[in-house]
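Here's work-v3.csv, which has CSV, C-alpha atoms and all ligand atoms:
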```csv
chain,number,residue,atom,x,y,z
A,29,MET,CA,69.0,104.4,101.2
A,30,ILE,CA,68.7,100.7,100.3
A,31,SER,CA,71.2,98.0,100.9
A,32,TYR,CA,71.1,94.3,100.0
A,33,GLN,CA,72.7,92.6,103.0
A,34,PHE,CA,73.3,89.1,104.2
A,35,MET,CA,72.2,88.7,107.9
A,36,GLU,CA,73.9,85.4,108.1
A,37,HIS,CA,76.6,83.9,105.9
A,38,GLY,CA,75.3,81.9,103.0
A,39,LYS,CA,71.7,83.0,103.5
A,40,PRO,CA,69.7,85.1,100.9
A,41,LEU,CA,70.4,88.8,100.9
A,42,GLN,CA,67.7,91.1,102.3
A,43,LYS,CA,66.7,94.5,101.2
A,44,VAL,CA,67.2,96.9,104.1
A,45,LEU,CA,66.1,100.5,104.3
A,46,HIS,CA,68.2,102.8,106.4
A,47,ASP,CA,69.3,106.5,106.7
A,48,THR,CA,71.4,107.9,103.9
A,49,PRO,CA,74.7,109.1,105.4
A,50,ARG,CA,75.6,112.8,105.1
A,51,PRO,CA,79.2,113.3,104.0
A,52,LYS,CA,81.5,115.1,106.6
A,53,GLY,CA,84.9,116.6,106.0
A,54,THR,CA,86.4,115.3,102.8
A,55,GLU,CA,83.8,112.5,102.4
A,56,VAL,CA,81.8,112.1,99.2
A,57,LEU,CA,78.4,110.3,98.9
A,58,VAL,CA,78.0,108.4,95.6
A,59,ARG,CA,74.5,107.3,94.4
A,60,VAL,CA,75.3,103.8,93.0
A,61,THR,CA,73.8,103.2,89.5
A,62,ARG,CA,75.8,100.1,88.6
A,63,SER,CA,77.5,97.5,90.8
A,64,GLY,CA,79.5,94.5,89.6
A,65,VAL,CA,79.0,91.1,91.1
A,66,CYS,CA,82.4,89.4,91.5
A,67,HIS,CA,83.3,85.8,92.2
A,68,SER,CA,85.2,86.7,95.4
A,69,ASP,CA,81.8,88.0,96.8
A,70,LEU,CA,80.8,84.3,97.0
A,71,HIS,CA,83.6,83.6,99.5
A,72,ILE,CA,82.7,86.6,101.7
A,73,TRP,CA,79.0,85.5,101.5
A,74,ASP,CA,80.1,82.0,102.6
A,75,GLY,CA,82.1,83.5,105.4
A,76,TYR,CA,85.5,81.9,104.7
A,77,PHE,CA,88.3,81.2,102.3
A,78,ASP,CA,89.4,77.6,101.9
A,79,TRP,CA,93.0,77.3,102.9
A,80,GLY,CA,93.1,73.6,101.9
A,81,ASN,CA,93.5,70.4,104.0
A,82,GLY,CA,90.5,71.3,106.1
A,83,LYS,CA,91.8,74.8,107.1
A,84,LYS,CA,89.7,77.9,106.6
A,85,PHE,CA,90.2,81.6,106.9
A,86,TYR,CA,87.1,83.2,108.3
A,87,VAL,CA,86.2,86.7,107.0
A,88,LYS,CA,85.0,87.7,110.5
A,89,ASP,CA,88.7,87.8,111.5
A,90,ARG,CA,89.3,90.7,109.1
A,91,GLY,CA,86.3,92.7,110.1
A,92,CYS,CA,83.4,91.4,108.0
A,93,ILE,CA,80.6,90.6,110.4
A,94,PRO,CA,76.9,90.3,109.3
A,95,PRO,CA,74.7,92.1,108.6
A,96,PHE,CA,77.0,93.0,105.8
A,97,THR,CA,76.8,94.7,102.4
A,98,LEU,CA,78.9,93.2,99.6
A,99,GLY,CA,80.0,94.9,96.4
A,100,HIS,CA,83.4,96.2,95.3
A,101,GLU,CA,82.7,97.3,91.8
A,102,PRO,CA,80.8,100.6,92.3
A,103,PHE,CA,79.9,103.1,89.7
A,104,GLY,CA,77.6,106.0,90.2
A,105,VAL,CA,76.8,109.7,90.4
A,106,VAL,CA,78.2,112.1,93.0
A,107,GLU,CA,75.2,113.0,95.2
A,108,ALA,CA,76.6,115.0,98.1
A,109,ILE,CA,80.1,116.3,99.1
A,110,GLY,CA,81.6,117.1,102.5
A,111,PRO,CA,82.7,120.7,103.1
A,112,GLN,CA,86.4,119.8,102.6
A,113,ALA,CA,85.9,117.6,99.6
A,114,LYS,CA,87.7,119.4,96.7
A,115,GLY,CA,87.9,118.7,93.0
A,116,VAL,CA,84.5,117.0,92.6
A,117,LYS,CA,81.1,118.2,91.7
A,118,ILE,CA,77.5,117.0,92.4
A,119,GLY,CA,76.2,115.1,89.3
A,120,GLN,CA,79.5,113.8,88.1
A,121,LYS,CA,79.6,110.1,87.0
A,122,ARG,CA,82.5,108.3,88.6
A,123,ILE,CA,84.0,104.8,89.1
A,124,VAL,CA,84.8,104.3,92.8
A,125,PHE,CA,88.2,102.9,93.7
A,126,PRO,CA,87.1,100.4,96.4
A,127,TRP,CA,90.5,99.3,97.8
A,128,ILE,CA,90.9,102.1,100.3
A,129,GLY,CA,93.6,101.7,102.9
A,130,CYS,CA,94.1,103.5,106.2
A,131,GLY,CA,95.9,106.4,104.4
A,132,LYS,CA,98.5,106.6,107.1
A,133,CYS,CA,100.8,103.6,107.0
A,134,PRO,CA,104.0,103.6,104.9
A,135,VAL,CA,102.4,101.4,102.3
A,136,CYS,CA,99.4,103.7,101.8
A,137,LYS,CA,101.7,106.7,101.7
A,138,GLU,CA,103.3,105.1,98.7
A,139,GLY,CA,99.9,104.8,97.0
A,140,LEU,CA,99.6,101.1,97.5
A,141,ASP,CA,96.4,101.2,99.5
A,142,ASN,CA,95.5,97.6,98.3
A,143,TYR,CA,98.4,96.3,100.4
A,144,CYS,CA,97.7,98.5,103.5
A,145,VAL,CA,99.3,97.1,106.6
A,146,SER,CA,97.3,98.8,109.3
A,147,GLY,CA,93.5,98.8,108.8
A,148,SER,CA,92.2,98.6,105.3
A,149,ARG,CA,88.8,100.1,104.5
A,150,PHE,CA,87.9,98.0,101.5
A,151,LEU,CA,84.4,98.5,100.3
A,152,GLY,CA,82.4,95.3,100.3
A,153,VAL,CA,85.2,93.4,102.1
A,154,ASN,CA,85.3,95.0,105.5
A,155,ARG,CA,83.3,98.2,104.9
A,156,PRO,CA,79.8,98.5,103.6
A,157,GLY,CA,80.0,97.9,99.8
A,158,ALA,CA,78.1,98.7,96.7
A,159,TYR,CA,75.2,96.3,96.7
A,160,ALA,CA,73.4,99.4,97.8
A,161,SER,CA,71.9,102.6,96.5
A,162,HIS,CA,74.7,104.7,98.0
A,163,VAL,CA,78.3,104.4,99.2
A,164,LEU,CA,80.2,106.8,101.3
A,165,ILE,CA,83.8,107.5,100.2
A,166,PRO,CA,86.4,109.0,102.6
A,167,HIS,CA,88.0,111.3,99.9
A,168,PRO,CA,87.3,112.4,96.4
A,169,LYS,CA,90.8,111.1,95.2
A,170,TYR,CA,89.2,107.7,95.1
A,171,LEU,CA,86.8,108.7,92.3
A,172,VAL,CA,87.9,108.1,88.7
A,173,ASP,CA,86.3,109.7,85.7
A,174,SER,CA,85.2,107.3,83.0
A,175,ALA,CA,83.7,109.5,80.3
A,176,GLY,CA,83.1,107.6,77.1
A,177,ILE,CA,83.0,104.1,78.7
A,178,GLU,CA,79.7,102.3,79.0
A,179,ASP,CA,78.5,102.5,82.6
A,180,GLY,CA,78.2,98.8,83.3
A,181,PHE,CA,81.6,98.0,81.8
A,182,ALA,CA,83.1,101.0,83.7
A,183,ALA,CA,81.9,99.4,87.0
A,184,THR,CA,83.8,96.2,86.3
A,185,LEU,CA,87.0,98.0,85.9
A,186,ALA,CA,87.2,98.6,89.7
A,187,CYS,CA,87.9,95.0,90.4
A,188,SER,CA,88.1,92.7,87.3
A,189,GLY,CA,89.8,95.3,85.1
A,190,LEU,CA,92.2,96.5,87.8
A,191,THR,CA,93.0,93.1,89.2
A,192,THR,CA,94.0,91.7,85.8
A,193,TYR,CA,95.9,94.9,84.8
A,194,SER,CA,98.0,94.6,87.9
A,195,ALA,CA,98.6,90.9,87.3
A,196,VAL,CA,99.7,91.5,83.7
A,197,ALA,CA,102.1,94.1,85.0
A,198,LYS,CA,103.8,91.3,87.0
A,199,LEU,CA,104.6,89.2,84.0
A,200,PRO,CA,108.3,88.9,83.0
A,201,ASP,CA,109.5,90.8,79.9
A,202,LEU,CA,108.1,88.9,77.0
A,203,GLY,CA,109.9,88.1,73.8
A,204,PRO,CA,108.1,87.7,70.4
A,205,LYS,CA,108.0,83.9,70.8
A,206,ASP,CA,106.8,83.9,74.4
A,207,TRP,CA,103.3,82.9,75.4
A,208,VAL,CA,101.0,83.7,78.3
A,209,ALA,CA,98.3,81.4,79.6
A,210,VAL,CA,95.1,82.8,81.2
A,211,LEU,CA,93.7,80.2,83.6
A,212,GLY,CA,90.0,80.6,84.1
A,213,CYS,CA,87.9,82.5,81.7
A,214,GLY,CA,85.2,83.9,84.0
A,215,GLY,CA,84.7,87.6,84.4
A,216,LEU,CA,88.4,88.2,85.3
A,217,GLY,CA,89.8,85.8,82.7
A,218,LEU,CA,88.0,87.5,79.8
A,219,ILE,CA,89.1,91.0,80.7
A,220,CYS,CA,92.6,89.6,81.3
A,221,VAL,CA,92.6,88.6,77.6
A,222,SER,CA,91.5,92.2,76.7
A,223,VAL,CA,94.2,93.7,78.9
A,224,LEU,CA,96.9,91.5,77.5
A,225,ARG,CA,95.9,92.4,73.9
A,226,ALA,CA,95.7,96.1,74.9
A,227,GLN,CA,99.3,95.8,76.2
A,228,GLY,CA,100.4,94.3,72.9
A,229,VAL,CA,100.5,90.6,73.9
A,230,LYS,CA,99.3,88.4,71.1
A,231,ASN,CA,100.4,84.8,72.1
A,232,ILE,CA,97.6,84.0,74.5
A,233,VAL,CA,96.3,80.6,75.5
A,234,ALA,CA,92.9,80.7,77.2
A,235,CYS,CA,92.3,77.8,79.6
A,236,ASP,CA,89.0,76.8,81.1
A,237,ILE,CA,86.7,73.8,81.5
A,238,ASP,CA,83.7,75.5,79.8
A,239,PRO,CA,83.8,75.6,75.9
A,240,ALA,CA,81.5,78.7,75.9
A,241,LYS,CA,83.9,80.7,78.0
A,242,LEU,CA,86.8,79.6,75.8
A,243,GLU,CA,84.9,80.7,72.8
A,244,ALA,CA,84.3,84.1,74.4
A,245,ALA,CA,88.1,84.4,75.2
A,246,LYS,CA,88.9,83.7,71.6
A,247,LYS,CA,86.5,86.4,70.5
A,248,LEU,CA,88.4,88.9,72.7
A,249,GLY,CA,91.7,87.9,71.1
A,250,ALA,CA,93.1,84.7,72.7
A,251,LYS,CA,95.0,83.0,69.9
A,252,LEU,CA,94.5,79.4,71.3
A,253,ALA,CA,92.2,77.8,73.8
A,254,LEU,CA,92.7,74.7,75.9
A,255,ASP,CA,89.9,72.7,77.6
A,256,THR,CA,91.7,71.7,80.8
A,257,ARG,CA,89.5,68.7,81.5
A,258,THR,CA,92.0,66.6,79.4
A,259,PRO,CA,94.2,64.4,81.7
A,260,ASP,CA,97.5,65.6,80.3
A,261,ALA,CA,96.6,69.3,80.4
A,262,ALA,CA,100.1,70.6,81.4
A,263,GLN,CA,101.8,68.8,78.5
A,264,LYS,CA,99.1,70.0,76.1
A,265,LEU,CA,99.6,73.6,77.4
A,266,GLN,CA,103.3,73.3,76.9
A,267,GLY,CA,102.8,72.0,73.4
A,268,LEU,CA,100.4,74.8,72.4
A,269,ALA,CA,102.9,77.4,73.7
A,270,MET,CA,105.7,75.5,71.8
A,271,GLY,CA,107.7,75.2,75.0
A,272,GLN,CA,107.7,79.0,75.4
A,273,LEU,CA,105.1,79.6,78.1
A,274,ALA,CA,106.7,82.6,79.9
A,275,GLY,CA,103.7,83.6,82.1
A,276,ALA,CA,100.6,82.1,83.6
A,277,ILE,CA,97.9,84.2,85.2
A,278,ASP,CA,95.8,82.1,87.5
A,279,LEU,CA,92.4,83.6,88.0
A,280,VAL,CA,91.0,80.5,89.6
A,281,GLY,CA,93.5,79.7,92.3
A,282,MET,CA,93.0,76.0,93.0
A,283,PRO,CA,95.5,73.1,93.2
A,284,ALA,CA,94.7,72.0,89.7
A,285,THR,CA,95.3,75.4,88.1
A,286,ALA,CA,98.5,76.0,90.1
A,287,GLY,CA,99.8,72.5,89.1
A,288,LEU,CA,98.9,73.1,85.5
A,289,ALA,CA,100.7,76.5,85.4
A,290,LEU,CA,103.8,75.3,87.2
A,291,GLY,CA,104.1,72.2,85.1
A,292,ALA,CA,103.8,74.0,81.8
A,293,LEU,CA,105.9,77.2,82.4
A,294,ARG,CA,109.3,77.4,80.6
A,295,LYS,CA,112.5,78.0,82.5
A,296,GLY,CA,112.4,81.6,83.9
A,297,GLY,CA,108.6,81.7,83.6
A,298,ARG,CA,106.4,83.3,86.1
A,299,TYR,CA,103.2,82.2,87.8
A,300,VAL,CA,101.0,85.1,88.8
A,301,LEU,CA,98.3,84.0,91.3
A,302,CYS,CA,95.1,86.1,91.6
A,303,GLY,CA,92.3,83.6,92.1
A,304,LEU,CA,90.9,82.8,95.5
A,305,PHE,CA,89.1,79.6,94.8
A,306,GLY,CA,91.1,77.8,97.5
A,307,GLY,CA,93.2,74.9,98.5
A,308,GLU,CA,96.9,74.6,99.1
A,309,LEU,CA,100.0,74.3,97.0
A,310,VAL,CA,101.9,71.0,97.2
A,311,TYR,CA,104.7,71.0,94.7
A,312,PRO,CA,108.2,69.7,94.5
A,313,LEU,CA,110.7,72.4,95.5
A,314,PRO,CA,113.9,71.5,93.5
A,315,PRO,CA,112.4,72.2,90.0
A,316,ILE,CA,111.2,75.6,91.1
A,317,ALA,CA,114.8,76.6,91.8
A,318,GLN,CA,116.3,74.6,88.9
A,319,ARG,CA,113.9,76.1,86.4
A,320,GLY,CA,114.1,79.6,87.8
A,321,ILE,CA,110.3,79.8,88.2
A,322,GLY,CA,108.9,82.9,89.8
A,323,ILE,CA,105.7,82.7,91.9
A,324,VAL,CA,104.0,85.9,92.7
A,325,GLY,CA,100.7,86.7,94.3
A,326,SER,CA,98.6,89.7,93.1
A,327,TYR,CA,95.7,91.2,95.0
A,328,VAL,CA,93.5,93.7,93.1
A,329,GLY,CA,95.5,96.8,92.3
A,330,ASN,CA,96.3,100.4,93.3
A,331,LEU,CA,94.6,103.7,92.4
A,332,GLN,CA,97.2,104.6,89.8
A,333,GLU,CA,96.7,101.3,88.1
A,334,LEU,CA,92.9,101.8,88.0
A,335,LYS,CA,93.5,105.2,86.3
A,336,GLU,CA,95.8,103.4,83.8
A,337,VAL,CA,93.3,100.7,82.9
A,338,VAL,CA,90.5,103.2,82.7
A,339,ALA,CA,92.7,105.3,80.3
A,340,LEU,CA,93.1,102.2,78.1
A,341,ALA,CA,89.4,101.8,78.0
A,342,LYS,CA,88.8,105.4,77.1
A,343,LYS,CA,91.2,105.1,74.2
A,344,LYS,CA,89.2,102.1,73.0
A,345,LYS,CA,92.3,99.9,73.3
A,346,LEU,CA,90.5,97.7,75.8
A,347,LYS,CA,87.9,95.5,74.2
A,348,ALA,CA,84.7,95.4,76.4
A,349,THR,CA,83.9,92.0,77.9
A,350,PRO,CA,80.3,90.6,78.0
A,351,VAL,CA,78.4,92.5,80.7
A,352,SER,CA,74.7,91.8,81.5
A,353,THR,CA,72.8,94.3,83.6
A,354,ARG,CA,70.2,92.9,85.9
A,355,PRO,CA,67.9,94.5,88.6
A,356,ALA,CA,69.6,94.8,92.0
A,357,GLY,CA,66.7,92.9,93.6
A,358,GLU,CA,67.9,89.7,91.8
A,359,VAL,CA,71.2,89.7,93.6
A,360,THR,CA,70.8,86.5,95.5
A,361,GLN,CA,69.9,84.6,92.3
A,362,ILE,CA,72.8,86.2,90.5
A,363,LEU,CA,75.2,85.0,93.2
A,364,GLU,CA,73.7,81.5,92.9
A,365,ASP,CA,74.1,81.7,89.1
A,366,LEU,CA,77.8,82.7,89.6
A,367,LYS,CA,78.4,79.9,92.0
A,368,ALA,CA,76.9,77.4,89.5
A,369,GLY,CA,79.2,78.7,86.7
A,370,LYS,CA,76.3,80.0,84.7
A,371,VAL,CA,77.5,83.6,84.2
A,372,LEU,CA,79.4,84.5,81.0
A,373,GLY,CA,81.5,87.6,81.7
A,374,ARG,CA,80.1,89.9,84.4
A,375,VAL,CA,76.7,90.6,85.8
A,376,VAL,CA,76.2,94.2,87.0
A,377,LEU,CA,73.4,95.2,89.3
A,378,ALA,CA,71.3,98.2,88.2
A,379,PHE,CA,69.9,100.6,90.8
B,1,ZN,ZN,86.4,91.3,92.8
B,2,ZN,ZN,97.5,101.8,105.2
```
Encoding of this model in structure tokens:
Amino acid sequence: MISYQFMEHGKPLQKVLHDTPRPKGTEVLVRVTRSGVCHSDLHIWDGYFDWGNGKKFYVKDRGCIPPFTLGHEPFGVVEAIGPQAKGVKIGQKRIVFPWIGCGKCPVCKEGLDNYCVSGSRFLGVNRPGAYASHVLIPHPKYLVDSAGIEDGFAATLACSGLTTYSAVAKLPDLGPKDWVAVLGCGGLGLICVSVLRAQGVKNIVACDIDPAKLEAAKKLGAKLALDTRTPDAAQKLQGLAMGQLAGAIDLVGMPATAGLALGALRKGGRYVLCGLFGGELVYPLPPIAQRGIGIVGSYVGNLQELKEVVALAKKKKLKATPVSTRPAGEVTQILEDLKAGKVLGRVVLAF
């Protein structure tokens, strides 16, 4: 099998040939045909997350040690199955749920693998990922049928679709006059607009610093757009939402976007933080209490949620976001393009 691995953090990925694993027990071997490139891959490639004020969280401390294979949006064809793997057949096309927990802790037993408390096995995060011709999955239950969905778009549902679906589920109950802001219109922001529309939310303000991304968000159904480079962005956002900003989904996750959301939310509004750009939150405490603001973090999503977002796509309720498919060998350039903000929507590797 082929993997594209980084041997050192931040250095170009190298094509590595190695033995294709044979599935044992309940394991399933998937031949990857499409593999999404996510912004969070950049942080793992760099080797750390920025905790602000000079502090860093190093990915080696959670089990990601080079040489390492990134990739947590896998899509492919079942190539081999272990003797105890039931309910799956060779040749089936499947989305792979990458957020695999230990399967044994109380959180995993509740089906919340993505918040596993004792030894997660996340593909492309602390286990070999899908920038590779093959991935080995511990159990067929992590495979989701996506018949009728275009392969490249189907791949992106494993992270960008799922993450935003789970974030939208954390919004407060919305009244007809309430608004939701989507902060950051990269791959996640665009699909977030699609998910909101699929869930019946119409009052959406898309926020970004790139007019092309704002335009794409409007095409997918955002009613209004705000270029946040303006100095009084929080006031402008409040104005656009007519003082009724009930939710803000932050897919960037930097001090500026957090400040913008917290400053613009109405009383009782909720700030849902997904983005991992980095920095720290410094914000006056009394108004958070006085205004009844909710702050909630959201990390990817669980298997049931992936099935739900895939079902929306199958019913054609989820508008497909821009996906460009490029050869897997271009992966380092693709990561560079993503870092430079040059990617509209998602790039998906083809194997
Ligand atoms: Zn991701
Ligand atoms: Zn667990």
Sorted by chain and rising residue number, list the residues of chain A at most 9 Å from ligand ZN 2 (chain B) (counting only C-alpha atoms and all ligand atoms), each with its closest atom pair and distance in Å to one decimal, as a tab-separated table.
```
residue	atom	partner	partner_atom	distance
A:Ile128	CA	B:ZN2	ZN	8.2
A:Gly129	CA	B:ZN2	ZN	4.5
A:Cys130	CA	B:ZN2	ZN	3.9
A:Gly131	CA	B:ZN2	ZN	4.9
A:Lys132	CA	B:ZN2	ZN	5.3
A:Cys133	CA	B:ZN2	ZN	4.2
A:Pro134	CA	B:ZN2	ZN	6.8
A:Val135	CA	B:ZN2	ZN	5.7
A:Cys136	CA	B:ZN2	ZN	4.3
A:Lys137	CA	B:ZN2	ZN	7.3
A:Leu140	CA	B:ZN2	ZN	8.0
A:Asp141	CA	B:ZN2	ZN	5.8
A:Asn142	CA	B:ZN2	ZN	8.3
A:Tyr143	CA	B:ZN2	ZN	7.4
A:Cys144	CA	B:ZN2	ZN	3.7
A:Val145	CA	B:ZN2	ZN	5.2
A:Ser146	CA	B:ZN2	ZN	5.1
A:Gly147	CA	B:ZN2	ZN	6.2
A:Ser148	CA	B:ZN2	ZN	6.2
A:Arg149	CA	B:ZN2	ZN	8.9
```
Using only C-alpha atoms and all ligand atoms: which of A:Cys187, A:Ile118, A:Ala261, A:Ala368 has the shortest distance to ligand ZN 1 (chain B): A:Cys187
Top pick for closest residue to ligand ZN 1 (chain B), considering A:Met282, A:Cys302, A:Ile93, A:Leu273 and counting all atoms listed in the file: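 Closest to ligand ZN 1 (chain B), using all atoms listed in the file: A:Cys302.
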Test item: residues no farther than 6 Å from ligand ZN 1 (chain B), counting all atoms listed in the file, as a ChimeraX atom specification: /A:66,68,187-188
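Residues lying within 7 Å of range 101-112 of chain A, counting all atoms listed in the file and ignoring same-chain neighbours fewer than 4 positions away, are A:Pro51, A:Lys52, A:Gly53, A:Thr54, A:Glu55, A:Val56, A:Leu57, A:Val58, A:Arg59, A:Val60, A:Thr61, A:Arg62, A:Ser63, A:Gly64, A:Lys117, A:Ile118, A:Gly119, A:Gln120, A:Lys121, A:Arg122, A:Ile123, A:Val124, A:Ala158, A:Ala183, A:Thr184, A:Ala186, A:Cys187.
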Two-atom distance - CA of Leu164 in chain A, CA of Phe150 in chain A (Å):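 So the answer is 11.7 Å.
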Residue contacts of Ile219 in chain A (9 Å, all atoms listed in the file) excluding same-chain residues fewer than 5 positions away, as a list in words: Leu185, Ser188, Gly189, Thr192, Tyr193, Cys213, Gly214, Leu224, Ala245, Leu248, Leu346, Lys347, Ala348, Thr349 and Gly373 of chain A
Of the listed residues A:Lys241, A:His162, A:Arg354, A:His100, that which approaches Ser31 in chain A most closely, counting all atoms listed in the file: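 The closest residue to Ser31 in chain A is A:His162.
Across the model, the gap from CA of Thr360 in chain A to CA of Lys43 in chain A is 10.6 Å.
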Residue among A:Val310, A:Ala209, A:Ala250, A:Leu70 lying closest to Gln266 in chain A, counting all atoms listed in the file: A:Ala209
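Between CA of Leu216 in chain A and CA of Ile232 in chain A the interatomic distance comes to 14.8 Å.
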Coordinates of range 129-151 of chain A, C-alpha atoms, as a compact mmCIF listing (two decimals), in the first residue's frame:
```txt
# COMPACT_ATOMS: atom_id res chain seq x y z
CA GLY A 129 -12.80 5.51 20.52
CA CYS A 130 -11.49 2.72 22.72
CA GLY A 131 -14.91 1.05 22.60
CA LYS A 132 -14.69 0.17 26.29
CA CYS A 133 -14.99 3.35 28.37
CA PRO A 134 -18.43 4.57 29.58
CA VAL A 135 -18.41 7.38 27.00
CA CYS A 136 -17.74 5.00 24.08
CA LYS A 137 -20.42 2.63 25.41
CA GLU A 138 -22.89 5.50 25.09
CA GLY A 139 -21.90 5.84 21.43
CA LEU A 140 -19.90 9.02 21.97
CA ASP A 141 -16.58 7.72 20.62
CA ASN A 142 -15.51 11.24 19.69
CA TYR A 143 -15.29 12.10 23.40
CA CYS A 144 -13.59 8.82 24.41
CA VAL A 145 -11.85 9.24 27.78
CA SER A 146 -9.40 6.35 27.63
CA GLY A 147 -7.45 5.91 24.44
CA SER A 148 -9.06 7.22 21.29
CA ARG A 149 -8.05 5.69 17.95
CA PHE A 150 -8.85 8.63 15.67
CA LEU A 151 -7.75 8.01 12.10
```
